Amino acid sequence: MNGLGYRKKMLRLPLTLSRRFCFVPVLILAVIVVNLHASSGQRQLVLFEQDRKWGYMNENGRVVIEAQFIMAHDFSPEGIAAVVDESGWAYIDKKGRVVIRPFIFDNGPDYFREGLARFTKENKFGFFDKKGRMVIRPEFDFALPFHEGLSAICMGCREVVIDGEHSMRTGGKWGYIDKKGQIVIPLEFGNASNFENGKARVELNGESLYIDKNGRKQGPSLGR
């Protein structure tokens with residue numbers, strides 16, 4: 001009874017329903033814990049050295065990948081690691097399998113730009129993603145890293161060593177591809193550079209000029 005003589009009524013849930021509501025948060029918590037454990041487990045392969053070679057072990061100290069690499073980096077969040085074996089630089093998966101061999105730049109694997117890095121096969125350039133998956137097939141004689149969604153590529157160009165260490169590409173025809181590997185600006189230039197702020201410097205018929213992302217000429221370049 002309350003002060004006015006009315007009887008208060010309590011709202012009671014059926015026993016099965018109340019248990020169900022209690023079970024749902026517990027189930028959600030269990031899923032979160034399992035997912036956190038799995039995600040943390042994916043990051044637990046650590047480097048170890050044995051007889052001047054590098055390998056990987058799990059958090060319990062169990063060897064997962066035998067010490068066999070001349071040099072090795074930590075695994076990335078995407079699940080691959082850069083290593084050096086008897087054949088040179090490579091990316092491996094968490095079972096120690098080579099997934100791809102990158103193009104070598106600045107004495108190491110090519111840098112990822114806009115999520116993609118270069119690799120070569122039979123002297124042709126292509127691109128792969130951060131999981132080591134080929135995204136653009138190797139079919140170009142050379143390719144610059146992606147900038148602003150486009151990569152300058154050439155066909156018929158050749159490598160020239162300029163100081164015993166560095167090299168450049170000369171000759172052939174240059175154009176641009178998108179991240180699907182489609183040629184979006186035709187191969188008509190004697191040379192080409194990366195896009196910056198929507199413009200790229202190219203060489204056409206001996207003249208240095210700028211183009212936009214549609215390949216339209218934007219006027220002469222002041223530099224060569």
# chains A, B, ... in the order shown; residues from 1 in each chain; ligands from 1

call {"tool": "residues_around", "arguments": {"residues": "region 183-190 of chain A", "least_positions_apart": "5", "cutoff": "10 Å", "atoms": "only C-alpha atoms", "output": "ChimeraX atom specification"}}
result
/A:150-155,157,170-178,202-208,211-216

call {"tool": "closest_residue", "arguments": {"among": "A:Leu116, A:Ile92, A:Val160, A:Val84", "to": "Phe128 (chain A)", "atoms": "only C-alpha atoms"}}
result
A:Leu116

call {"tool": "select_by_dssp", "arguments": {"residues": "region 1-215 of chain A", "states": "strand (DSSP E)", "output": "PyMOL selection string"}}
result
chain A and resi 46-50+53-57+63-69+71-72+81-85+88-92+98-100+104-105+108-109+117-121+124-128+134-140+142-143+151-155+158-161+167-170+173-177+183-189+191-192+200-204+207-211

call {"tool": "write_last_selection", "arguments": {"atoms": "C-alpha atoms", "output": "short mmCIF file (atom, residue, chain, number, x, y, z; two decimals), in the first residue's frame"}}
result
data_model
loop_
_atom_site.label_atom_id
_atom_site.label_comp_id
_atom_site.auth_asym_id
_atom_site.auth_seq_id
_atom_site.Cartn_x
_atom_site.Cartn_y
_atom_site.Cartn_z
CA VAL A 46 58.51 -12.18 -32.33
CA LEU A 47 61.97 -12.31 -33.79
CA PHE A 48 64.76 -14.42 -32.40
CA GLU A 49 68.35 -15.00 -33.51
CA GLN A 50 70.17 -18.30 -33.69
CA LYS A 53 70.11 -16.28 -38.65
CA TRP A 54 66.68 -14.91 -37.78
CA GLY A 55 63.38 -16.65 -37.21
CA TYR A 56 60.10 -16.17 -35.36
CA MET A 57 58.57 -17.63 -32.20
CA VAL A 63 59.53 -21.67 -32.67
CA VAL A 64 57.02 -21.07 -35.46
CA ILE A 65 59.43 -20.17 -38.27
CA GLU A 66 62.93 -21.63 -38.06
CA ALA A 67 65.92 -19.28 -37.95
CA GLN A 68 66.85 -19.10 -41.63
CA PHE A 69 66.90 -15.45 -42.68
CA MET A 71 67.81 -10.22 -41.99
CA ALA A 72 64.20 -9.95 -40.82
CA ALA A 81 57.12 -9.51 -42.80
CA ALA A 82 60.06 -8.34 -44.90
CA VAL A 83 63.05 -10.70 -44.76
CA VAL A 84 66.28 -11.38 -46.62
CA ASP A 85 66.99 -14.97 -47.69
CA GLY A 88 67.32 -11.43 -51.61
CA TRP A 89 64.41 -9.47 -50.14
CA ALA A 90 61.02 -11.10 -49.80
CA TYR A 91 57.78 -10.83 -47.88
CA ILE A 92 56.70 -13.92 -45.96
CA VAL A 98 57.33 -16.30 -49.51
CA VAL A 99 54.30 -14.41 -50.77
CA ILE A 100 56.06 -11.88 -53.01
CA ILE A 104 64.49 -3.07 -54.28
CA PHE A 105 64.68 0.65 -53.63
CA GLY A 108 65.50 -2.30 -49.09
CA PRO A 109 61.98 -3.28 -50.14
CA ALA A 117 54.37 -1.07 -53.47
CA ARG A 118 56.23 -2.20 -56.57
CA PHE A 119 57.53 -5.64 -57.48
CA THR A 120 59.21 -7.05 -60.56
CA LYS A 121 58.91 -10.31 -62.41
CA LYS A 124 58.46 -6.13 -65.64
CA PHE A 125 56.94 -3.89 -62.95
CA GLY A 126 53.68 -4.44 -61.10
CA PHE A 127 52.16 -3.51 -57.73
CA PHE A 128 51.07 -5.39 -54.61
CA MET A 134 49.26 -8.71 -56.45
CA VAL A 135 47.01 -5.81 -57.42
CA ILE A 136 48.49 -4.79 -60.79
CA ARG A 137 50.12 -7.41 -62.99
CA PRO A 138 53.81 -6.93 -63.93
CA GLU A 139 53.64 -5.68 -67.51
CA PHE A 140 55.47 -2.33 -67.55
CA PHE A 142 59.18 0.76 -65.32
CA ALA A 143 56.75 2.39 -62.90
CA SER A 151 51.53 6.08 -61.37
CA ALA A 152 53.81 7.14 -64.21
CA ILE A 153 54.80 4.10 -66.27
CA CYS A 154 56.91 3.58 -69.36
CA MET A 155 57.27 1.06 -72.14
CA ARG A 158 65.89 1.30 -70.36
CA GLU A 159 67.93 1.65 -67.18
CA VAL A 160 71.10 3.76 -67.23
CA VAL A 161 73.52 3.74 -64.26
CA SER A 167 70.28 4.82 -62.01
CA MET A 168 67.64 6.46 -64.17
CA ARG A 169 65.31 5.41 -66.98
CA THR A 170 65.65 6.84 -70.43
CA LYS A 173 57.15 6.30 -74.02
CA TRP A 174 55.54 7.35 -70.76
CA GLY A 175 51.96 7.56 -69.57
CA TYR A 176 49.90 7.01 -66.41
CA ILE A 177 47.87 4.20 -64.88
CA ILE A 183 46.12 3.33 -68.67
CA VAL A 184 44.28 6.60 -68.07
CA ILE A 185 46.76 8.96 -69.77
CA PRO A 186 48.22 7.54 -73.02
CA LEU A 187 51.88 6.66 -73.41
CA GLU A 188 52.93 9.63 -75.52
CA PHE A 189 55.55 11.41 -73.44
CA ASN A 191 59.47 11.49 -69.81
CA ALA A 192 57.04 11.87 -66.91
CA ALA A 200 52.67 16.52 -63.37
CA ARG A 201 55.66 17.64 -65.40
CA VAL A 202 56.17 15.72 -68.64
CA GLU A 203 58.23 15.98 -71.79
CA LEU A 204 56.49 16.07 -75.15
CA GLU A 207 59.28 20.45 -74.67
CA SER A 208 58.83 20.34 -70.89
CA LEU A 209 55.29 21.14 -69.79
CA TYR A 210 52.61 20.36 -67.20
CA ILE A 211 49.51 18.22 -67.60
#

call {"tool": "select_by_dssp", "arguments": {"residues": "region 33-156 of chain A", "states": "helix (DSSP H, G or I)", "output": "PyMOL selection string"}}
result
chain A and resi 33-41

call {"tool": "write_last_selection", "arguments": {"atoms": "C-alpha atoms", "output": "PDB file, in the first residue's frame"}}
result
ATOM      1  CA  VAL A  33      37.139 -11.335 -25.158  1.00  0.00           C
ATOM      2  CA  VAL A  34      37.637 -14.043 -27.812  1.00  0.00           C
ATOM      3  CA  ASN A  35      38.145 -11.447 -30.542  1.00  0.00           C
ATOM      4  CA  LEU A  36      40.629  -9.494 -28.452  1.00  0.00           C
ATOM      5  CA  HIS A  37      42.556 -12.662 -27.683  1.00  0.00           C
ATOM      6  CA  ALA A  38      42.621 -13.642 -31.355  1.00  0.00           C
ATOM      7  CA  SER A  39      43.724 -10.201 -32.507  1.00  0.00           C
ATOM      8  CA  SER A  40      46.445 -10.021 -29.879  1.00  0.00           C
ATOM      9  CA  GLY A  41      47.565 -13.528 -30.815  1.00  0.00           C
TER      10      GLY A  41
END
